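Visitor: The structure under discussion is supplied below as structure tokens; questions concerning it will follow.
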Amino acid sequence: MIQSIEFKKFASKYPGEFIVSSACDQINQVAIDSRKIHSGNQTLFVALDGSRQNGSDFAMDAHDLKVRNFILPLSAKKATEKLKDSNILMVEKPLYALQVLAIKNRSAFLGPVVGITGSNGKTIVKEWLAQILGQKFNTYKSPKSYNSQIGVALSALGIQARHQVALLEAGISQPGEMDRLKQIIEPQLGIFTNIGSAHDENFEDLETKIEEKCKLFRDVNFLIYRKDHSKLGQFINKTFHPAMLISWSDDPGADYTLSIRPDFKGSKIFMVARDLRTFTFFTNFRDPASLENIRHVIVASLVLGMSPEKIQSGLEMLHAVDMRLTLKSGIKRCLLIDDSYNNDLAGLEIALEFMAHQRKSAERRVLILSEMLQEGNEIEVFRKIAGLIIHYEIDFFVGVGHLFSQYKSLFPKQSRFFWGTTHLLENIASLNLSNDLVLVKGARNFHFENIIKLLEAQVHETVLEINLNALRHNFNFYKKRLQPDTRIMVMVKAFAYGGGSAEIANHLQQIGADYLSVAYIDEGVYLRQKGVTLPIMVMNPDMQHLSLIQHYELEPVIFNNRTLLQLTSALTSHSKNISIHLELDTGMRRLGLVEGDLEDTLALLRAHSEIKLAGLFTHLAGADEAIHEDFSREQLATFDRISQGIMQKLSCRPIRHALNSAGIIRFPEYAFDMVRLGIGLHGVEINQLEPEKLQPVATLKSVVSQVKKLAKGDSIGYGRHGRLIQDGEIATLAIGYADGYDRRFGNGKAFVMIQGKKAPTIGNICMDMCMIDVSDLQVKEGDEVILFGKEPSLQYLANQIGTIPYELLTGIGLRVKRQYILD
């Protein structure tokens with residue numbers, strides 16, 4: 001919600017063509033997605049063009065929701081013909097107009113604005129700083145990770161007069177992007193979190209990237225940075241006036257020295273200011289990344305006037321997974337969306353949108369929500385919540401907090417209300433949750449994590465975390481390698497490479513995949529039952545189950561004439577039409593029709609008009625290795641020749657596809673009509689040509705079950721193969737080869753990450769457990785351990801034991817809980 005503006009006044013001063021046809025021009029909301037509009041008569045719809053869709057195509061949807069004010073691109077003149085009773089500003093670039101609106105809204109704000117940028121930690125620093133400042137100030141923060149050209153504009157549009165301080169983050173990936181973000185944010189206080197390798201490929205060198213990011217801080221009063229980042233510190237010191245700079249470091253010589261002393265429960269932070277004032281803070285966090293983020297937060301809080309006592313009380317409230325919407329398995333077959341750390345209107349809408357794309361087969365969509373603190377006019381906030389419940393079709397609402405009882409009349413009759421979290425926990429059974437999709441969202445002081453603990457299925461402590469943001473990043477990386485009209489089929493067979501087929505398929509449907517592919521019919525049926533509507537190709541169909549294929553509109557692969565004969569025999573005069581894909585064997589020598597089979601194949605297809613040839617494809621045998629490049633090109637040329645012949649003889653134009661993840665990188669000129677994306681989606685660049693450009697999607701995590709002190713020479717595990725070479729400690733982890741952690745990883749063949757440090761395996765991997773050497777690491781029971789993810793990578797681990805990343809991913813056992821996160 002923006003501070004109210006008159007659209008006619010704004011449009012009259014903006015370069016473009018303005019059509020005035022409505023007296024309604026008072027705007028207090030801006031929408032770029034017609035699905036999110038719920039107060040149309042107060043909303044301005046800005047039509048932004050994406051990679052797949054034009055925003056102007058949805059102008060009529062917005063109009064049907066009573067929107068009468070629009071910003072459209074000049075190229076969308078035809079859209080104006082159906083919007084005759086509306087005010088329409090036609091501009092060259094609607095994004096720029098959106099950003100100018102954001103600048104206008106930001107300029108009306110009198111309180112300090114904190115601008116945050118860097119390679120990592122932006123969102124965490126913003127969220128944690130907001131929690132600490134919120135004890136004293138009415139604090140606004142940009143929603144989730146809204147730090148792009150669009151996201152920053154939308155964030156700035158959310159600042160209202162009642163706010164006292166605003167926190168906005170800015171992210172860039174290309175030179176020249178920060179200028180416009182700086183114009184929107186105009187921060188008085190800047191925080192540069194750190195500098196890393198993200199997007200290095202788009203910049204000449206590290207200093208060029210630092211220079212681009214520092215544009216955000218050209219006019220700040222103060223800039224906070226960590227002096228220990230040498231190249232960052234050197235650039236800042238030579239670029240900005242010393243009076244603007246506030247540095248901190250582990251070592252003496254900065255404005256604030258913040259040294260860390262880990263202890264059994266967490267970490268103590270000893271701080272000495274330049275004027276020799278000293279403070280001691282305590283946090284439960286022990287990992288280096290969190291401790292860096294916390295020290296940024298401490299310094300910024302002091303600069304903004306928070307007392308050390310208030311900072312400490314805020315540190316005690318910080319939560320490890322604050323930034324993410326997490327999808328978890330719940331009791332009684334429920335699916336939980338955990339957003340329990342914080343609550344505001346912008347975050348609620350994001351969470352509800354995420355919920356809308358999840359399990360379609362749930363009995364009910366249930367929202368458990370706490371009161372919202374510091375969200376402005378009380379009645380307006382509750383009306384807004386009630387409107388969102390209706391708009392996102394929530395079946396059952398649970399409100400927690402004393403104030404809900406005063407506004408019961410705004411909510412559906414079947415809603416339930418509780419005076420506090422304890423009251424709800426005592427009566428949780430009365431909600432009768434079963435096979436429901438449940439969103440739990442609450443402010444930190446309501447401690448909704450206790451609700452999650454009660455509702456979460458009690459399963460194995462080891463989890464496979466699936467990062468949906470990384471999945472989107474990898475999908476877009478491959479998409480950019482293709483022509484805009486090339487379709488993308490994504491392989492979701494084998495439980496989506498171990499990641500969970502329904503959850504991943506639903507997300508792929510949301511982000512723009514064109515096709516899915518599974519190995520067997522039951523996999524396709526399962527996806528249909530979970531609400532997936534994309535076309536689904538089945539690689540190994542059994543024609544005995546033709547009725548399922550037809551009922552669920554699956555597209556079987558035909559790889560020999562015997563299977564095609566089975567299909568034609570099973571079809572009856574009453575059968576629905578069926579779409580198939582022909583697999584051509586051009587050198588894989590596994591499955592597929594060879595050229596000599598095709599005369600009979602084409603004869604059968606001509607005789608059965610109810611069979612539609614939807615696709616023609618082949619498999620490349622060695623696309624991931626340069627040594628086989630000539631053979632791969634021969635395969636592709638053969639496929640092109642044979643498929644062209646089939647299309648001529650049948651007078652049809654099926655979708656042709658040949659490239660897998662490796663092929664997209666090596667042979668993009670042979671993309672044909674569609675490509676098949678598999679392991680690349682999960683962050684493994686199997687060619688190893690550009691591995692740094694992908695992000696790991698899956699992170700395997702476990703916990704330390706026990707820590708033991710051992711003497712030099714003590715043996716460890718089955719067969720006594722593990723031995724310490726000096727006195728030290730080992731930790732036992734709650735994961736073994738029955739969970740998919742390969743037995744070959746034992747005895748130092750692999751390492752894990754704990755507290756940001758490497759710890760090698762020691763002894764043999766057991767069925768349900770394994771041991772690691774944690775000597776001198778000060779590890780404690782319950783500590784989180786990363787077995788693969790960013791480090792160690794799947795590719796590294798596969799190389800260590802002579803296998804491939806596919807085997808490691810698909811081998812993760814089903815007793816390992818899958819969690820899905822969205823920043």
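Starting from 1 in every chain, residues are counted up; chains themselves are A, B, ... following the order of the structure tokens, and ligands are numbered from 1 as listed.
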Could you pull the residues within 9 Å of Gly330 of chain A, counting only C-alpha atoms, minus those fewer than 6 positions along the same chain, as a list in words?
Guide: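 Here the qualifying residues turn out to be Leu336, Asn435, Val438, Ile452, Leu454, Leu455, Glu456, Ala457 and Gln458 of chain A.
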Visitor: With N, CA, C and O atoms kept, could you save the residues just selected as an mmCIF file, in the first residue's frame?
Guide:
```cif
data_model
loop_
_atom_site.group_PDB
_atom_site.id
_atom_site.type_symbol
_atom_site.label_atom_id
_atom_site.label_comp_id
_atom_site.auth_asym_id
_atom_site.auth_seq_id
_atom_site.Cartn_x
_atom_site.Cartn_y
_atom_site.Cartn_z
ATOM 1 N N LEU A 336 2.864 -28.509 5.883
ATOM 2 C CA LEU A 336 2.997 -27.248 6.610
ATOM 3 C C LEU A 336 3.848 -26.262 5.833
ATOM 4 O O LEU A 336 4.892 -26.631 5.291
ATOM 5 N N ASN A 435 -4.783 -34.077 6.359
ATOM 6 C CA ASN A 435 -4.597 -33.926 4.910
ATOM 7 C C ASN A 435 -4.840 -32.486 4.468
ATOM 8 O O ASN A 435 -5.331 -32.226 3.368
ATOM 9 N N VAL A 438 -1.393 -26.240 5.521
ATOM 10 C CA VAL A 438 -1.486 -25.322 6.653
ATOM 11 C C VAL A 438 -0.351 -24.296 6.586
ATOM 12 O O VAL A 438 0.827 -24.664 6.604
ATOM 13 N N ILE A 452 4.641 -25.107 15.068
ATOM 14 C CA ILE A 452 5.288 -25.939 14.053
ATOM 15 C C ILE A 452 5.807 -27.225 14.676
ATOM 16 O O ILE A 452 5.632 -28.323 14.128
ATOM 17 N N LEU A 454 4.740 -28.827 17.175
ATOM 18 C CA LEU A 454 3.632 -29.721 17.511
ATOM 19 C C LEU A 454 3.007 -30.355 16.275
ATOM 20 O O LEU A 454 2.609 -31.519 16.291
ATOM 21 N N LEU A 455 2.936 -29.580 15.179
ATOM 22 C CA LEU A 455 2.264 -30.069 13.971
ATOM 23 C C LEU A 455 3.190 -30.812 13.017
ATOM 24 O O LEU A 455 2.718 -31.549 12.150
ATOM 25 N N GLU A 456 4.500 -30.608 13.154
ATOM 26 C CA GLU A 456 5.438 -31.237 12.228
ATOM 27 C C GLU A 456 5.533 -32.725 12.499
ATOM 28 O O GLU A 456 5.587 -33.164 13.649
ATOM 29 N N ALA A 457 5.581 -33.499 11.407
ATOM 30 C CA ALA A 457 5.737 -34.955 11.546
ATOM 31 C C ALA A 457 7.081 -35.252 12.205
ATOM 32 O O ALA A 457 8.112 -34.708 11.823
ATOM 33 N N GLN A 458 7.059 -36.105 13.209
ATOM 34 C CA GLN A 458 8.289 -36.454 13.912
ATOM 35 C C GLN A 458 9.011 -37.540 13.130
ATOM 36 O O GLN A 458 8.686 -38.711 13.217
#
```
Visitor: Pick out the residues sitting within 7 Å of segment 261-268 of chain A, and hand them over as a ChimeraX atom specification; count only C-alpha atoms, and ignore anything fewer than 3 positions along from it in its own chain.
Guide: /A:280-286,780
Visitor: Any chance you can output those residues with all heavy atoms as a PDB file, in the first residue's frame?
Guide:
```
ATOM      1  N   THR A 280      29.472  -6.392  25.834  1.00  0.00           N
ATOM      2  CA  THR A 280      29.475  -7.840  25.588  1.00  0.00           C
ATOM      3  C   THR A 280      28.075  -8.266  25.165  1.00  0.00           C
ATOM      4  O   THR A 280      27.084  -7.938  25.839  1.00  0.00           O
ATOM      5  CB  THR A 280      29.891  -8.615  26.857  1.00  0.00           C
ATOM      6  OG1 THR A 280      31.183  -8.197  27.256  1.00  0.00           O
ATOM      7  CG2 THR A 280      29.922 -10.115  26.559  1.00  0.00           C
ATOM      8  N   PHE A 281      28.009  -8.966  24.044  1.00  0.00           N
ATOM      9  CA  PHE A 281      26.737  -9.497  23.544  1.00  0.00           C
ATOM     10  C   PHE A 281      26.829 -11.017  23.486  1.00  0.00           C
ATOM     11  O   PHE A 281      27.918 -11.586  23.381  1.00  0.00           O
ATOM     12  CB  PHE A 281      26.430  -8.952  22.143  1.00  0.00           C
ATOM     13  CG  PHE A 281      26.320  -7.451  22.092  1.00  0.00           C
ATOM     14  CD1 PHE A 281      27.389  -6.677  21.639  1.00  0.00           C
ATOM     15  CD2 PHE A 281      25.172  -6.817  22.501  1.00  0.00           C
ATOM     16  CE1 PHE A 281      27.302  -5.294  21.588  1.00  0.00           C
ATOM     17  CE2 PHE A 281      25.068  -5.431  22.450  1.00  0.00           C
ATOM     18  CZ  PHE A 281      26.133  -4.674  21.993  1.00  0.00           C
ATOM     19  N   PHE A 282      25.669 -11.660  23.527  1.00  0.00           N
ATOM     20  CA  PHE A 282      25.628 -13.125  23.408  1.00  0.00           C
ATOM     21  C   PHE A 282      24.610 -13.516  22.351  1.00  0.00           C
ATOM     22  O   PHE A 282      23.545 -12.911  22.219  1.00  0.00           O
ATOM     23  CB  PHE A 282      25.247 -13.779  24.740  1.00  0.00           C
ATOM     24  CG  PHE A 282      25.159 -15.282  24.631  1.00  0.00           C
ATOM     25  CD1 PHE A 282      26.308 -16.056  24.655  1.00  0.00           C
ATOM     26  CD2 PHE A 282      23.933 -15.917  24.447  1.00  0.00           C
ATOM     27  CE1 PHE A 282      26.242 -17.439  24.521  1.00  0.00           C
ATOM     28  CE2 PHE A 282      23.854 -17.294  24.306  1.00  0.00           C
ATOM     29  CZ  PHE A 282      25.014 -18.056  24.349  1.00  0.00           C
ATOM     30  N   THR A 283      24.962 -14.525  21.559  1.00  0.00           N
ATOM     31  CA  THR A 283      24.046 -15.067  20.553  1.00  0.00           C
ATOM     32  C   THR A 283      24.135 -16.586  20.545  1.00  0.00           C
ATOM     33  O   THR A 283      25.173 -17.156  20.887  1.00  0.00           O
ATOM     34  CB  THR A 283      24.376 -14.525  19.148  1.00  0.00           C
ATOM     35  OG1 THR A 283      23.546 -15.179  18.180  1.00  0.00           O
ATOM     36  CG2 THR A 283      25.830 -14.785  18.786  1.00  0.00           C
ATOM     37  N   ASN A 284      23.045 -17.220  20.144  1.00  0.00           N
ATOM     38  CA  ASN A 284      23.035 -18.686  20.033  1.00  0.00           C
ATOM     39  C   ASN A 284      23.781 -19.172  18.791  1.00  0.00           C
ATOM     40  O   ASN A 284      24.041 -20.364  18.652  1.00  0.00           O
ATOM     41  CB  ASN A 284      21.593 -19.206  19.971  1.00  0.00           C
ATOM     42  CG  ASN A 284      20.872 -19.032  21.292  1.00  0.00           C
ATOM     43  OD1 ASN A 284      21.467 -19.210  22.352  1.00  0.00           O
ATOM     44  ND2 ASN A 284      19.601 -18.660  21.230  1.00  0.00           N
ATOM     45  N   PHE A 285      24.097 -18.264  17.882  1.00  0.00           N
ATOM     46  CA  PHE A 285      24.724 -18.662  16.623  1.00  0.00           C
ATOM     47  C   PHE A 285      26.219 -18.881  16.803  1.00  0.00           C
ATOM     48  O   PHE A 285      26.878 -18.192  17.584  1.00  0.00           O
ATOM     49  CB  PHE A 285      24.481 -17.609  15.543  1.00  0.00           C
ATOM     50  CG  PHE A 285      23.050 -17.517  15.112  1.00  0.00           C
ATOM     51  CD1 PHE A 285      22.185 -16.636  15.733  1.00  0.00           C
ATOM     52  CD2 PHE A 285      22.564 -18.335  14.105  1.00  0.00           C
ATOM     53  CE1 PHE A 285      20.859 -16.562  15.354  1.00  0.00           C
ATOM     54  CE2 PHE A 285      21.237 -18.269  13.718  1.00  0.00           C
ATOM     55  CZ  PHE A 285      20.387 -17.380  14.345  1.00  0.00           C
ATOM     56  N   ARG A 286      26.751 -19.820  16.016  1.00  0.00           N
ATOM     57  CA  ARG A 286      28.179 -20.121  16.094  1.00  0.00           C
ATOM     58  C   ARG A 286      28.830 -20.167  14.718  1.00  0.00           C
ATOM     59  O   ARG A 286      30.047 -20.198  14.614  1.00  0.00           O
ATOM     60  CB  ARG A 286      28.373 -21.474  16.794  1.00  0.00           C
ATOM     61  CG  ARG A 286      27.746 -21.521  18.172  1.00  0.00           C
ATOM     62  CD  ARG A 286      27.770 -22.923  18.743  1.00  0.00           C
ATOM     63  NE  ARG A 286      29.073 -23.254  19.270  1.00  0.00           N
ATOM     64  CZ  ARG A 286      29.591 -24.474  19.263  1.00  0.00           C
ATOM     65  NH1 ARG A 286      28.940 -25.462  18.713  1.00  0.00           N
ATOM     66  NH2 ARG A 286      30.781 -24.697  19.785  1.00  0.00           N
ATOM     67  N   LYS A 780      29.268 -29.237  19.416  1.00  0.00           N
ATOM     68  CA  LYS A 780      28.412 -29.706  20.498  1.00  0.00           C
ATOM     69  C   LYS A 780      27.249 -30.515  19.912  1.00  0.00           C
ATOM     70  O   LYS A 780      26.934 -30.421  18.715  1.00  0.00           O
ATOM     71  CB  LYS A 780      27.881 -28.545  21.319  1.00  0.00           C
ATOM     72  CG  LYS A 780      26.897 -27.634  20.624  1.00  0.00           C
ATOM     73  CD  LYS A 780      26.481 -26.504  21.544  1.00  0.00           C
ATOM     74  CE  LYS A 780      25.292 -25.708  21.026  1.00  0.00           C
ATOM     75  NZ  LYS A 780      25.480 -25.111  19.718  1.00  0.00           N
TER      76      LYS A 780
END
```
Visitor: Name the residues in contact with Arg68 of chain A at a cut-off of 10 Å, using only C-alpha atoms, excluding same-chain residues fewer than 6 positions from it; report them as a list in words.
Guide: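 Answer for this query is Ser21, Ser22, Ala23, Cys24, Asp25, Gly40, Asn41, Gln42, Thr43, Leu44, Phe45, Ala59, Ala62, Leu83, Lys84, Asp85, Ser86, Asn87 and Ile88 of chain A.
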Visitor: Name the residues of segment 315-474 of chain A that fall into strand (DSSP E) according to DSSP on the backbone, using the chain letters and numbers of this document, as JSON, numbers by chain.
Guide: {"A": [325, 326, 327, 328, 329, 335, 336, 337, 338, 339, 365, 366, 367, 368, 369, 370, 396, 397, 398, 399, 400, 416, 417, 418, 437, 438, 439, 440, 441, 463, 464, 465, 466, 467]}
Visitor: So which residues touch Asp275 of chain A within 10 Å, counting only C-alpha atoms, skipping near sequence neighbours fewer than 2 positions away, as a list of chain:residue names?
Guide: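 Those residues are A:Asp255, A:Tyr256, A:Val272, A:Ala273, A:Arg277, A:Thr278.
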Visitor: Which residues are near Cys652 of chain A? Cut-off 12 Å, only C-alpha atoms, ignore same chain within fewer than 2 positions. Put them as a VMD selection string.
Guide: chain A and resid 602 605 to 606 609 612 to 616 643 to 650 654 to 656
Visitor: From the set A:Leu604, A:Leu584, A:Leu681, A:Ala31, which residue has the shortest atom-to-atom contact distance to Met491 of chain A, counting only C-alpha atoms?
Guide: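 Comparing A:Leu604, A:Leu584, A:Leu681, A:Ala31 against Met491 of chain A, the winner is A:Leu681.
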Visitor: Within 9 Å of Ile5 of chain A, counting only C-alpha atoms, which residues show up once you throw out same-chain ones fewer than 5 positions away? Write them as an NGL selection string, please.
Guide: :A and (10 or 25-28 or 105)
Visitor: Using only C-alpha atoms, determine which residues lie at most 7 Å from Asn120 of chain A, disregarding the query and same-chain residues fewer than 2 positions distant; provide the list as a list in words.
Guide: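 Listing them by chain and then by number gives Gly118, Lys122, Thr193 and Asn194 of chain A.
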Visitor: Could you tell me, as an NGL selection string, which residues of segment 158-386 of chain A DSSP assigns to alpha helix (DSSP H) when given the backbone?
Guide: :A and (178-185 or 206-214 or 230-239 or 288-303 or 308-315 or 345-356 or 378-386)
Visitor: For Ile504 of chain A, which of A:Ala711, A:Met60, A:Leu808, A:Leu822 is the closest residue, counting only C-alpha atoms?
Guide: A:Leu822
